[in-house]
>>> print(open('run_24.csv').read())   # CSV, C-alpha atoms
chain,number,residue,atom,x,y,z
N,1,MET,CA,91.8,41.3,18.8
N,2,HIS,CA,92.6,37.7,17.8
N,3,GLU,CA,96.0,39.2,16.9
N,4,TRP,CA,96.9,38.0,20.4
N,5,SER,CA,96.2,34.3,19.8
N,6,ILE,CA,98.0,34.5,16.4
N,7,ALA,CA,101.0,36.1,18.0
N,8,GLU,CA,101.1,33.4,20.7
N,9,GLY,CA,100.9,30.7,18.0
N,10,VAL,CA,103.7,32.4,16.0
N,11,VAL,CA,106.0,32.7,19.0
N,12,ARG,CA,105.4,29.2,20.3
N,13,THR,CA,105.9,27.8,16.8
N,14,VAL,CA,109.2,29.6,16.3
N,15,LEU,CA,110.3,28.6,19.8
N,16,ALA,CA,109.6,24.9,19.1
N,17,TYR,CA,111.5,25.1,15.8
N,18,ALA,CA,114.4,26.8,17.5
N,19,GLU,CA,114.6,24.5,20.4
N,20,GLU,CA,114.5,21.4,18.2
N,21,ARG,CA,117.5,22.7,16.3
N,22,GLY,CA,119.6,24.0,19.3
N,23,ILE,CA,119.3,27.6,18.1
N,24,ALA,CA,120.7,30.0,20.7
N,25,LYS,CA,118.8,33.1,19.8
N,26,VAL,CA,116.3,34.3,17.3
N,27,GLU,CA,117.1,37.8,16.1
N,28,GLU,CA,114.5,38.4,13.4
N,29,VAL,CA,111.2,36.9,12.4
N,30,VAL,CA,109.7,37.8,9.0
N,31,VAL,CA,105.9,37.3,9.0
N,32,SER,CA,103.8,37.5,5.9
N,33,VAL,CA,100.3,39.0,6.6
N,34,GLY,CA,97.6,38.4,4.1
N,35,GLU,CA,95.5,41.5,3.3
N,36,LEU,CA,92.3,39.5,3.8
N,37,SER,CA,93.0,38.8,7.4
N,38,GLN,CA,92.8,42.6,8.1
N,39,LEU,CA,95.1,42.4,11.1
N,40,ASP,CA,96.1,45.4,13.2
N,41,LEU,CA,99.9,45.3,12.9
N,42,GLU,CA,100.4,47.5,16.0
N,43,ILE,CA,98.5,45.0,18.2
N,44,MET,CA,100.4,42.1,16.5
N,45,ARG,CA,103.7,43.8,17.3
N,46,GLU,CA,102.8,44.4,20.9
N,47,ALA,CA,101.5,40.9,21.4
N,48,LEU,CA,104.6,39.3,19.7
N,49,SER,CA,106.8,41.3,21.9
N,50,MET,CA,104.9,40.3,25.0
N,51,PHE,CA,104.9,36.6,24.3
N,52,SER,CA,108.6,36.7,23.4
N,53,GLY,CA,109.6,38.0,26.8
N,54,GLY,CA,112.0,35.7,28.7
N,55,THR,CA,112.4,33.4,25.7
N,56,LEU,CA,114.9,32.9,22.8
N,57,LEU,CA,112.9,35.4,21.0
N,58,GLU,CA,113.2,38.2,23.5
N,59,GLY,CA,114.2,41.4,21.7
N,60,ALA,CA,113.8,39.8,18.2
N,61,LYS,CA,112.8,42.1,15.4
N,62,PHE,CA,109.4,41.3,13.8
N,63,VAL,CA,109.1,42.3,10.2
N,64,PHE,CA,105.7,42.2,8.5
N,65,VAL,CA,105.4,41.8,4.8
N,66,ILE,CA,101.9,42.6,3.6
N,67,GLU,CA,100.7,40.1,1.0
N,68,ARG,CA,98.0,41.8,-1.2
N,69,ALA,CA,95.0,39.7,-2.0
N,70,LYS,CA,94.9,38.5,-5.6
N,71,PHE,CA,92.0,36.7,-7.3
N,72,LYS,CA,91.9,34.8,-10.6
N,73,CYS,CA,88.7,33.6,-12.3
N,74,SER,CA,88.9,30.0,-13.5
N,75,ARG,CA,86.1,30.7,-16.0
N,76,CYS,CA,87.0,33.9,-17.8
N,77,GLY,CA,90.6,34.4,-16.7
N,78,ALA,CA,90.0,37.9,-15.1
N,79,THR,CA,92.3,38.9,-12.3
N,80,TRP,CA,91.5,41.4,-9.6
N,81,GLY,CA,92.6,42.7,-6.2
N,82,PHE,CA,90.6,43.1,-2.9
N,83,ASP,CA,90.3,46.8,-3.4
N,84,GLU,CA,88.1,46.2,-6.5
N,85,VAL,CA,85.6,44.1,-4.5
N,86,ARG,CA,86.0,45.4,-1.0
N,87,ASP,CA,82.8,47.5,-1.0
N,88,SER,CA,80.7,44.6,-2.5
N,89,VAL,CA,82.2,42.2,0.0
N,90,GLU,CA,81.4,44.5,3.0
N,91,LYS,CA,77.9,44.8,1.7
N,92,GLU,CA,77.5,41.1,1.0
N,93,VAL,CA,78.7,40.0,4.5
N,94,GLY,CA,75.5,40.1,6.4
N,95,VAL,CA,77.0,39.4,9.8
N,96,ARG,CA,79.7,41.0,11.9
N,97,VAL,CA,81.7,39.5,14.8
N,98,SER,CA,81.5,41.6,18.0
N,99,ASP,CA,84.8,42.0,19.7
N,100,VAL,CA,84.3,41.5,23.5
N,101,GLU,CA,86.7,44.4,24.0
N,102,GLY,CA,84.7,46.7,21.7
N,103,GLY,CA,84.1,47.2,18.1
N,104,GLU,CA,83.2,44.6,15.4
N,105,ASP,CA,85.0,42.8,12.6
N,106,LEU,CA,84.2,41.2,9.3
N,107,PRO,CA,84.3,37.4,9.7
N,108,LEU,CA,87.2,37.5,7.3
N,109,HIS,CA,89.4,38.9,10.1
N,110,TYR,CA,89.2,35.4,11.7
N,111,LEU,CA,88.5,33.1,8.7
N,112,PRO,CA,89.9,34.8,5.6
N,113,GLU,CA,89.0,31.8,3.5
N,114,LEU,CA,85.3,32.9,3.9
N,115,VAL,CA,86.0,35.3,1.0
N,116,TYR,CA,85.0,32.4,-1.3
N,117,ALA,CA,81.4,32.8,0.0
N,118,TYR,CA,81.3,36.6,-0.1
N,119,THR,CA,82.5,37.4,-3.6
N,120,LYS,CA,82.3,36.6,-7.3
N,121,CYS,CA,84.3,37.3,-10.4
N,122,PRO,CA,83.6,41.0,-11.1
N,123,ARG,CA,83.7,40.4,-14.8
N,124,CYS,CA,81.6,37.2,-15.4
N,125,GLY,CA,79.9,36.7,-12.1
N,126,SER,CA,81.3,33.2,-11.5
N,127,ARG,CA,82.1,31.8,-8.1
N,128,ASP,CA,84.8,29.5,-9.7
N,129,PHE,CA,87.8,31.6,-8.8
N,130,GLU,CA,91.1,31.2,-7.0
N,131,VAL,CA,92.6,33.4,-4.3
N,132,VAL,CA,96.2,33.3,-5.3
N,133,GLY,CA,97.6,35.3,-2.4
N,134,GLY,CA,96.7,37.3,0.6
N,135,LEU,CA,94.8,34.8,2.7
N,136,GLY,CA,96.4,34.5,6.2
N,137,VAL,CA,99.5,34.7,8.3
N,138,LYS,CA,102.7,32.8,7.5
N,139,ILE,CA,106.1,32.7,9.2
N,140,VAL,CA,108.4,33.0,6.2
N,141,ARG,CA,112.0,33.6,7.5
N,142,LEU,CA,114.1,33.6,10.6
N,143,LYS,CA,117.4,35.2,11.4
N,144,VAL,CA,119.1,33.2,14.1
N,145,VAL,CA,122.3,32.7,16.1
N,146,GLU,CA,123.2,29.1,16.0
N,147,GLY,CA,123.9,27.2,19.3
N,148,ASN,CA,127.3,25.7,20.1
N,149,ASP,CA,126.3,22.0,19.6
F,150,MET,CA,108.5,26.5,8.8
F,151,ILE,CA,105.6,24.8,10.6
F,152,ASP,CA,102.2,26.4,10.3
F,153,HIS,CA,101.5,28.3,13.5
F,154,ARG,CA,97.8,27.4,13.4
F,155,TYR,CA,98.6,23.8,14.6
F,156,VAL,CA,99.9,25.3,17.9
F,157,MET,CA,96.8,27.5,18.1
F,158,ALA,CA,94.5,24.6,17.4
F,159,ARG,CA,96.0,22.3,20.0
F,160,LYS,CA,95.9,25.0,22.6
F,161,ASN,CA,92.2,25.5,21.8
F,162,VAL,CA,91.4,21.9,22.8
F,163,SER,CA,93.8,21.7,25.7
F,164,ALA,CA,90.8,21.9,28.1
F,165,VAL,CA,88.6,19.5,26.1
F,166,ASP,CA,88.4,16.1,27.6
F,167,ARG,CA,87.0,14.1,24.8
F,168,VAL,CA,86.5,14.6,21.0
F,169,LEU,CA,83.7,12.6,19.5
F,170,LEU,CA,83.9,12.3,15.8
F,171,VAL,CA,80.5,11.6,14.3
F,172,CYS,CA,81.3,10.4,10.8
F,173,SER,CA,80.2,8.3,7.9
F,174,GLY,CA,81.7,7.5,4.6
F,175,LYS,CA,78.3,8.1,3.0
F,176,GLY,CA,76.2,11.2,2.6
F,177,GLY,CA,72.5,11.3,3.3
F,178,VAL,CA,72.6,8.8,6.3
F,179,GLY,CA,71.4,11.5,8.8
F,180,LYS,CA,74.8,12.0,10.3
F,181,SER,CA,74.3,15.7,11.0
F,182,VAL,CA,71.0,15.1,12.8
F,183,ILE,CA,72.6,12.3,14.8
F,184,ALA,CA,75.7,14.5,15.7
F,185,SER,CA,73.6,17.5,16.8
F,186,SER,CA,71.2,15.3,18.7
F,187,LEU,CA,74.0,13.4,20.4
F,188,ALA,CA,75.5,16.7,21.5
F,189,LEU,CA,72.1,17.7,23.1
F,190,ALA,CA,71.6,14.4,24.7
F,191,LEU,CA,75.2,14.5,26.3
F,192,LYS,CA,74.4,18.0,27.5
F,193,ASP,CA,71.3,16.6,29.1
F,194,LEU,CA,73.4,14.1,31.0
F,195,GLY,CA,75.1,17.1,32.7
F,196,ARG,CA,78.2,17.2,30.5
F,197,ALA,CA,79.8,20.4,29.1
F,198,VAL,CA,79.4,20.0,25.4
F,199,GLY,CA,80.6,21.7,22.2
F,200,LEU,CA,79.4,21.0,18.7
F,201,LEU,CA,81.7,21.6,15.8
F,202,ASP,CA,79.8,21.5,12.5
F,203,LEU,CA,82.7,20.8,10.1
F,204,ASP,CA,80.5,20.3,7.0
F,205,ILE,CA,82.1,23.1,4.9
F,206,HIS,CA,79.8,22.7,1.9
F,207,GLY,CA,76.5,21.9,3.7
F,208,PRO,CA,76.5,23.1,7.3
F,209,SER,CA,73.2,22.2,8.9
F,210,ALA,CA,73.6,22.0,12.7
F,211,PRO,CA,71.7,25.3,13.2
F,212,LEU,CA,68.6,23.8,11.6
F,213,VAL,CA,68.7,20.8,14.0
F,214,LEU,CA,69.4,23.0,17.0
F,215,GLY,CA,66.9,25.7,16.1
F,216,SER,CA,69.3,28.4,17.3
F,217,GLY,CA,67.3,31.4,16.2
F,218,GLU,CA,68.9,34.8,16.9
F,219,ILE,CA,72.6,34.4,17.5
F,220,ARG,CA,75.5,36.7,18.3
F,221,LEU,CA,79.0,36.1,16.8
F,222,ALA,CA,81.8,37.1,19.2
F,223,GLY,CA,85.6,37.1,19.2
F,224,GLY,CA,88.4,38.4,21.3
F,225,ARG,CA,92.0,37.9,22.2
F,226,GLU,CA,91.6,34.1,22.3
F,227,GLY,CA,90.0,34.0,18.9
F,228,LEU,CA,86.4,33.2,17.9
F,229,TYR,CA,84.0,32.2,20.6
F,230,PRO,CA,81.5,29.4,19.8
F,231,VAL,CA,77.8,30.5,19.8
F,232,ASP,CA,75.9,29.6,22.9
F,233,VAL,CA,72.8,27.7,22.0
F,234,ASN,CA,70.9,27.0,25.2
F,235,GLY,CA,74.1,26.0,27.0
F,236,LEU,CA,75.6,24.1,24.0
F,237,LYS,CA,78.7,25.7,22.5
F,238,VAL,CA,78.3,25.6,18.8
F,239,PHE,CA,80.3,26.5,15.7
F,240,SER,CA,78.8,26.2,12.2
F,241,LEU,CA,79.8,28.0,9.0
F,242,HIS,CA,76.1,28.6,8.5
F,243,TYR,CA,76.2,31.4,11.1
F,244,TYR,CA,78.8,33.2,8.9
F,245,ILE,CA,77.7,32.4,5.3
F,246,GLU,CA,74.0,31.8,5.8
F,247,ASP,CA,72.6,30.5,2.5
F,248,ARG,CA,75.7,31.3,0.3
F,249,PRO,CA,77.6,28.5,-1.3
F,250,MET,CA,81.1,27.8,-0.1
F,251,PRO,CA,82.9,26.6,-3.2
F,252,VAL,CA,86.4,26.0,-1.7
F,253,ARG,CA,88.4,23.0,-2.7
F,254,GLY,CA,91.8,21.4,-2.3
F,255,ALA,CA,94.4,23.4,-0.4
F,256,VAL,CA,92.0,26.2,0.5
F,257,LYS,CA,89.6,23.8,2.1
F,258,GLU,CA,92.4,22.3,4.1
F,259,SER,CA,93.4,25.8,5.1
F,260,LEU,CA,89.8,26.7,6.1
F,261,VAL,CA,89.4,23.6,8.3
F,262,LEU,CA,92.7,24.4,10.0
F,263,SER,CA,91.8,28.1,10.5
F,264,ILE,CA,88.5,27.0,12.1
F,265,LEU,CA,90.3,24.7,14.5
F,266,ALA,CA,92.9,27.4,15.2
F,267,GLU,CA,90.4,30.1,15.8
F,268,LEU,CA,87.7,28.5,18.0
F,269,ALA,CA,88.3,29.0,21.7
F,270,TRP,CA,86.3,26.2,23.2
F,271,GLY,CA,87.3,26.6,26.8
F,272,ARG,CA,86.6,23.7,29.1
F,273,LEU,CA,84.5,20.9,27.7
F,274,ASP,CA,83.7,17.3,28.6
F,275,TYR,CA,82.9,16.6,25.0
F,276,LEU,CA,83.5,18.2,21.7
F,277,VAL,CA,81.2,16.6,19.2
F,278,VAL,CA,82.5,17.0,15.6
F,279,ASP,CA,80.0,16.6,12.8
F,280,GLU,CA,82.2,15.5,9.9
F,281,PRO,CA,81.1,15.7,6.3
F,282,PRO,CA,80.9,12.4,4.3
F,283,GLY,CA,84.0,10.8,2.9
F,284,THR,CA,87.6,10.7,3.8
F,285,GLY,CA,88.7,14.2,2.6
F,286,ASP,CA,90.3,17.3,4.0
F,287,GLU,CA,87.9,17.8,6.9
F,288,ILE,CA,88.5,14.5,8.6
F,289,ILE,CA,92.2,14.3,7.7
F,290,VAL,CA,92.9,17.7,9.2
F,291,THR,CA,90.8,16.9,12.3
F,292,LEU,CA,92.6,13.7,12.9
F,293,ARG,CA,96.0,15.5,12.5
F,294,VAL,CA,95.0,18.0,15.2
F,295,LEU,CA,92.6,16.2,17.5
F,296,GLY,CA,93.3,12.5,16.8
F,297,ASP,CA,94.9,11.9,20.2
F,298,LYS,CA,91.6,12.8,22.0
F,299,ALA,CA,89.3,11.4,19.4
F,300,GLY,CA,86.8,8.5,19.5
F,301,ALA,CA,84.6,7.8,16.5
F,302,VAL,CA,80.9,7.1,16.2
F,303,LEU,CA,80.2,5.8,12.7
F,304,VAL,CA,76.7,6.4,11.2
F,305,THR,CA,75.2,4.2,8.6
F,306,THR,CA,71.8,3.1,7.3
F,307,PRO,CA,70.9,-0.5,6.8
F,308,SER,CA,71.6,-0.2,3.1
F,309,ALA,CA,74.4,-2.4,1.8
F,310,LEU,CA,75.6,0.6,-0.2
F,311,SER,CA,76.0,2.7,2.9
F,312,LEU,CA,77.8,-0.1,4.8
F,313,PHE,CA,80.1,-0.7,1.8
F,314,VAL,CA,81.3,2.9,1.9
F,315,VAL,CA,81.5,3.2,5.7
F,316,LYS,CA,84.0,0.3,5.6
F,317,ARG,CA,86.5,2.6,3.9
F,318,LEU,CA,86.2,5.2,6.6
F,319,LEU,CA,86.6,2.5,9.2
F,320,ASN,CA,89.8,1.4,7.6
F,321,LEU,CA,91.1,5.0,7.6
F,322,LEU,CA,90.2,5.5,11.2
F,323,ARG,CA,91.9,2.2,12.2
F,324,ASP,CA,95.0,3.1,10.2
F,325,GLU,CA,95.2,6.4,12.0
F,326,GLY,CA,94.8,4.8,15.4
F,327,VAL,CA,91.4,6.3,16.3
F,328,ARG,CA,89.4,4.6,18.9
F,329,ILE,CA,86.1,3.3,17.4
F,330,LEU,CA,83.3,3.8,20.0
F,331,GLY,CA,80.7,2.1,17.9
F,332,LEU,CA,78.2,2.2,15.1
F,333,VAL,CA,74.8,3.9,14.9
F,334,GLU,CA,72.4,2.4,12.4
F,335,ASN,CA,70.1,5.3,11.4
F,336,MET,CA,66.8,4.9,9.6
F,337,SER,CA,67.0,1.4,10.8
F,338,TYR,CA,63.3,0.6,10.8
F,339,LEU,CA,59.8,2.1,10.9
F,340,MET,CA,57.3,1.3,13.6
F,341,TYR,CA,53.9,0.6,12.0
F,342,GLU,CA,51.0,-0.9,13.9
F,343,GLY,CA,53.3,-2.2,16.6
F,344,LYS,CA,55.7,-3.8,14.2
F,345,ALA,CA,59.2,-2.8,13.2
F,346,LEU,CA,59.3,-2.6,9.4
F,347,GLU,CA,62.9,-2.8,8.0
F,348,ILE,CA,62.0,-0.8,4.9
F,349,PHE,CA,65.7,-0.2,3.9
F,350,GLY,CA,66.5,-3.8,4.2
F,351,ARG,CA,67.4,-6.0,7.2
F,352,SER,CA,69.9,-4.7,9.7
F,353,ARG,CA,73.5,-5.3,8.7
F,354,ALA,CA,75.1,-3.4,11.5
F,355,GLU,CA,76.7,-6.5,13.0
F,356,GLU,CA,78.5,-7.2,9.8
F,357,LEU,CA,81.0,-4.4,10.3
F,358,GLY,CA,82.5,-6.1,13.4
F,359,VAL,CA,82.0,-2.9,15.4
F,360,ARG,CA,80.0,-2.5,18.5
F,361,VAL,CA,76.4,-1.4,17.7
F,362,LEU,CA,75.6,1.6,19.8
F,363,GLY,CA,72.0,1.7,18.7
F,364,ARG,CA,69.4,1.4,15.9
F,365,VAL,CA,67.6,4.7,15.4
F,366,PRO,CA,64.1,4.3,13.8
F,367,LEU,CA,62.7,6.4,11.1
F,368,ASP,CA,60.5,8.8,12.9
F,369,PRO,CA,57.9,10.7,10.8
F,370,SER,CA,57.7,13.4,13.5
F,371,LEU,CA,61.4,14.3,13.1
F,372,ASP,CA,61.1,16.5,10.0
F,373,GLU,CA,58.2,18.4,11.5
F,374,ALA,CA,60.1,18.9,14.7
F,375,LEU,CA,63.0,20.5,12.8
F,376,VAL,CA,60.8,22.6,10.5
F,377,SER,CA,58.6,23.9,13.3
F,378,GLY,CA,61.5,24.7,15.6
F,379,MET,CA,60.3,22.4,18.3
F,380,GLY,CA,63.6,20.5,18.1
F,381,VAL,CA,64.6,16.9,18.2
F,382,ARG,CA,63.6,16.5,21.9
F,383,SER,CA,60.0,16.8,20.9
F,384,THR,CA,60.2,13.5,18.9
F,385,LYS,CA,59.6,10.3,20.7
F,386,LEU,CA,61.1,7.3,19.0
F,387,PHE,CA,64.1,9.2,17.6
F,388,TRP,CA,65.0,11.1,20.7
F,389,ARG,CA,64.7,8.0,22.9
F,390,ALA,CA,67.1,6.1,20.7
F,391,VAL,CA,69.6,9.0,20.7
F,392,GLN,CA,69.4,9.3,24.5
F,393,GLU,CA,70.2,5.6,24.8
F,394,ILE,CA,73.2,6.0,22.5
F,395,ALA,CA,74.5,9.0,24.4
F,396,LEU,CA,74.3,7.0,27.6
F,397,LYS,CA,76.3,4.2,26.1
F,398,VAL,CA,78.9,6.6,24.6
F,399,ASP,CA,79.3,8.3,28.0
F,400,ARG,CA,79.6,5.1,29.9
F,401,GLU,CA,82.1,3.6,27.4
F,402,TRP,CA,84.3,6.7,27.6
F,403,GLU,CA,84.2,6.7,31.4
F,404,GLN,CA,85.3,3.0,31.4
F,405,LEU,CA,88.1,3.8,29.0
F,406,LYS,CA,89.3,6.6,31.3
F,407,ALA,CA,89.2,4.3,34.3
>>> encode(input="run_24.csv", output="structure tokens")
Amino acid sequence: MHEWSIAEGVVRTVLAYAEERGIAKVEEVVVSVGELSQLDLEIMREALSMFSGGTLLEGAKFVFVIERAKFKCSRCGATWGFDEVRDSVEKEVGVRVSDVEGGEDLPLHYLPELVYAYTKCPRCGSRDFEVVGGLGVKIVRLKVVEGND
Amino acid sequence: MIDHRYVMARKNVSAVDRVLLVCSGKGGVGKSVIASSLALALKDLGRAVGLLDLDIHGPSAPLVLGSGEIRLAGGREGLYPVDVNGLKVFSLHYYIEDRPMPVRGAVKESLVLSILAELAWGRLDYLVVDEPPGTGDEIIVTLRVLGDKAGAVLVTTPSALSLFVVKRLLNLLRDEGVRILGLVENMSYLMYEGKALEIFGRSRAEELGVRVLGRVPLDPSLDEALVSGMGVRSTKLFWRAVQEIALKVDREWEQLKA
């Protein structure tokens, strides 16, 4: 459920950006969501809408672009996606995070960078790999109505 | 566009009164043991204390605290620190256990920022931050987010080599406007037949021009206390020295506030 804290962070960040630049209204916010963060987009949308209420963002459209996770081995050059290692990661992660409102999540839900501890190159077994996409949440684009000044 | 995690991170420490950075330019000076012990000693003074183990590659606070069975929990506010006998603790060790964490560069910076953005500390008098050695991503990102509330406790040993490296960190902290609370000289001496033997050389703590908060002796009972799970409070010389340092830190901060 930490979608709520992320949504609040996104809204407050966009607001600060808009207020600094004298923007009158924010009409659209494009948010990139990394596959590894395993966010529930319905909860995100609900939370974004709630935090936007009564601000320059009220009524803004939130567009989510899912960024698939991509890995590249620095040793053997292999590339792979999260689907190829998902089962082994879920098995490798010994711990789960209990949500106080029910259910449990992989730690990646909160700290997607932890994937570096939970997986290896499926071809050569090395831990020397790069995650070249799909880690977390990023605000990538805004559509705004400029202010008068 | 600004990274939204900075907003989250600052909100997370909005009810934290003081951030205590326990740091050293040098590895192997016992900084993590000092940081965790200082957190315990401040809690014993009646303060609400959090301990943030920011050592990404070698998290060790759980060993010092002897946390045993723990439960990881999260919710709308983000991740909740683990409650270890009244101390609020975050350590990557709880998540990765004995696995290596081979992150570097931008990903490491991102991980530190994610940790700061996710941890919902609630109200605290002190957030003690166990910084890894050096002047890399961990301390740079911490200062960016928490610098306004931070005071630093530097940890060194009497070794000239250690002091030589700590000077660099001191320069960084001064350049970034961080309040320096003082220096802890760890492994300062060994008590033997009533005499203090300076086995790593004579104390050079004064040479740094920073207030010396305390000299912590080598205590042969410390390792056994950690391994057996008895905890640092079961040591005598070590724990007494840490308690005195905690008292000084607490008094100094109260005076600064006043």
>>> closest_residue(input="run_24.csv", among="N:Cys121, N:Val93, N:Ile43, N:Val140", to="N:Lys72", atoms="all atoms listed in the file")
N:Cys121
>>> axis_aligned_box(input="run_24.csv", around="stretch 192-205 of chain F", padding_each_side="5 Å", output="JSON")
{"center_x": 77.0, "center_y": 18.6, "center_z": 18.8, "size_x": 21.4, "size_y": 19.0, "size_z": 37.8}
>>> residues_around(input="run_24.csv", residues="stretch 354-358 of chain F", least_positions_apart="6", cutoff="12 Å", atoms="all atoms listed in the file", output="NGL selection string")
:F and (303-309 or 311-320 or 329-337 or 364-365)
>>> write_last_selection(input="run_24.csv", atoms="C-alpha atoms", output="PDB file, keeping the file's coordinate frame")
ATOM      1  CA  LEU F 303      80.200   5.800  12.700  1.00  0.00           C
ATOM      2  CA  VAL F 304      76.700   6.400  11.200  1.00  0.00           C
ATOM      3  CA  THR F 305      75.200   4.200   8.600  1.00  0.00           C
ATOM      4  CA  THR F 306      71.800   3.100   7.300  1.00  0.00           C
ATOM      5  CA  PRO F 307      70.900  -0.500   6.800  1.00  0.00           C
ATOM      6  CA  SER F 308      71.600  -0.200   3.100  1.00  0.00           C
ATOM      7  CA  ALA F 309      74.400  -2.400   1.800  1.00  0.00           C
ATOM      8  CA  SER F 311      76.000   2.700   2.900  1.00  0.00           C
ATOM      9  CA  LEU F 312      77.800  -0.100   4.800  1.00  0.00           C
ATOM     10  CA  PHE F 313      80.100  -0.700   1.800  1.00  0.00           C
ATOM     11  CA  VAL F 314      81.300   2.900   1.900  1.00  0.00           C
ATOM     12  CA  VAL F 315      81.500   3.200   5.700  1.00  0.00           C
ATOM     13  CA  LYS F 316      84.000   0.300   5.600  1.00  0.00           C
ATOM     14  CA  ARG F 317      86.500   2.600   3.900  1.00  0.00           C
ATOM     15  CA  LEU F 318      86.200   5.200   6.600  1.00  0.00           C
ATOM     16  CA  LEU F 319      86.600   2.500   9.200  1.00  0.00           C
ATOM     17  CA  ASN F 320      89.800   1.400   7.600  1.00  0.00           C
ATOM     18  CA  ILE F 329      86.100   3.300  17.400  1.00  0.00           C
ATOM     19  CA  LEU F 330      83.300   3.800  20.000  1.00  0.00           C
ATOM     20  CA  GLY F 331      80.700   2.100  17.900  1.00  0.00           C
ATOM     21  CA  LEU F 332      78.200   2.200  15.100  1.00  0.00           C
ATOM     22  CA  VAL F 333      74.800   3.900  14.900  1.00  0.00           C
ATOM     23  CA  GLU F 334      72.400   2.400  12.400  1.00  0.00           C
ATOM     24  CA  ASN F 335      70.100   5.300  11.400  1.00  0.00           C
ATOM     25  CA  MET F 336      66.800   4.900   9.600  1.00  0.00           C
ATOM     26  CA  SER F 337      67.000   1.400  10.800  1.00  0.00           C
ATOM     27  CA  ARG F 364      69.400   1.400  15.900  1.00  0.00           C
ATOM     28  CA  VAL F 365      67.600   4.700  15.400  1.00  0.00           C
TER      29      VAL F 365
END
>>> residues_around(input="run_24.csv", residues="stretch 5-17 of chain N", least_positions_apart="2", cutoff="9 Å", atoms="all atoms listed in the file", output="JSON, numbers by chain")
{"N": [1, 2, 3, 19, 20, 21, 22, 23, 26, 29, 31, 44, 45, 46, 47, 48, 49, 50, 51, 52, 55, 56, 57, 137, 138, 139, 142], "F": [150, 151, 152, 153, 154, 155, 156, 157, 158, 160, 224, 225, 226, 227, 266, 267]}
>>> write_last_selection(input="run_24.csv", atoms="C-alpha atoms", output="PDB file, keeping the file's coordinate frame")
ATOM      1  CA  MET N   1      91.800  41.300  18.800  1.00  0.00           C
ATOM      2  CA  HIS N   2      92.600  37.700  17.800  1.00  0.00           C
ATOM      3  CA  GLU N   3      96.000  39.200  16.900  1.00  0.00           C
ATOM      4  CA  GLU N  19     114.600  24.500  20.400  1.00  0.00           C
ATOM      5  CA  GLU N  20     114.500  21.400  18.200  1.00  0.00           C
ATOM      6  CA  ARG N  21     117.500  22.700  16.300  1.00  0.00           C
ATOM      7  CA  GLY N  22     119.600  24.000  19.300  1.00  0.00           C
ATOM      8  CA  ILE N  23     119.300  27.600  18.100  1.00  0.00           C
ATOM      9  CA  VAL N  26     116.300  34.300  17.300  1.00  0.00           C
ATOM     10  CA  VAL N  29     111.200  36.900  12.400  1.00  0.00           C
ATOM     11  CA  VAL N  31     105.900  37.300   9.000  1.00  0.00           C
ATOM     12  CA  MET N  44     100.400  42.100  16.500  1.00  0.00           C
ATOM     13  CA  ARG N  45     103.700  43.800  17.300  1.00  0.00           C
ATOM     14  CA  GLU N  46     102.800  44.400  20.900  1.00  0.00           C
ATOM     15  CA  ALA N  47     101.500  40.900  21.400  1.00  0.00           C
ATOM     16  CA  LEU N  48     104.600  39.300  19.700  1.00  0.00           C
ATOM     17  CA  SER N  49     106.800  41.300  21.900  1.00  0.00           C
ATOM     18  CA  MET N  50     104.900  40.300  25.000  1.00  0.00           C
ATOM     19  CA  PHE N  51     104.900  36.600  24.300  1.00  0.00           C
ATOM     20  CA  SER N  52     108.600  36.700  23.400  1.00  0.00           C
ATOM     21  CA  THR N  55     112.400  33.400  25.700  1.00  0.00           C
ATOM     22  CA  LEU N  56     114.900  32.900  22.800  1.00  0.00           C
ATOM     23  CA  LEU N  57     112.900  35.400  21.000  1.00  0.00           C
ATOM     24  CA  VAL N 137      99.500  34.700   8.300  1.00  0.00           C
ATOM     25  CA  LYS N 138     102.700  32.800   7.500  1.00  0.00           C
ATOM     26  CA  ILE N 139     106.100  32.700   9.200  1.00  0.00           C
ATOM     27  CA  LEU N 142     114.100  33.600  10.600  1.00  0.00           C
TER      28      LEU N 142
ATOM     29  CA  MET F 150     108.500  26.500   8.800  1.00  0.00           C
ATOM     30  CA  ILE F 151     105.600  24.800  10.600  1.00  0.00           C
ATOM     31  CA  ASP F 152     102.200  26.400  10.300  1.00  0.00           C
ATOM     32  CA  HIS F 153     101.500  28.300  13.500  1.00  0.00           C
ATOM     33  CA  ARG F 154      97.800  27.400  13.400  1.00  0.00           C
ATOM     34  CA  TYR F 155      98.600  23.800  14.600  1.00  0.00           C
ATOM     35  CA  VAL F 156      99.900  25.300  17.900  1.00  0.00           C
ATOM     36  CA  MET F 157      96.800  27.500  18.100  1.00  0.00           C
ATOM     37  CA  ALA F 158      94.500  24.600  17.400  1.00  0.00           C
ATOM     38  CA  LYS F 160      95.900  25.000  22.600  1.00  0.00           C
ATOM     39  CA  GLY F 224      88.400  38.400  21.300  1.00  0.00           C
ATOM     40  CA  ARG F 225      92.000  37.900  22.200  1.00  0.00           C
ATOM     41  CA  GLU F 226      91.600  34.100  22.300  1.00  0.00           C
ATOM     42  CA  GLY F 227      90.000  34.000  18.900  1.00  0.00           C
ATOM     43  CA  ALA F 266      92.900  27.400  15.200  1.00  0.00           C
ATOM     44  CA  GLU F 267      90.400  30.100  15.800  1.00  0.00           C
TER      45      GLU F 267
END
>>> closest_residue(input="run_24.csv", among="F:Val294, F:Leu339, F:Ala269, F:Ala407", to="F:Asn161", atoms="all atoms listed in the file")
F:Ala269
>>> closest_residue(input="run_24.csv", among="N:Gly34, N:Gly102, N:Gly53, N:Gly147", to="chain F", atoms="all atoms listed in the file")
N:Gly102
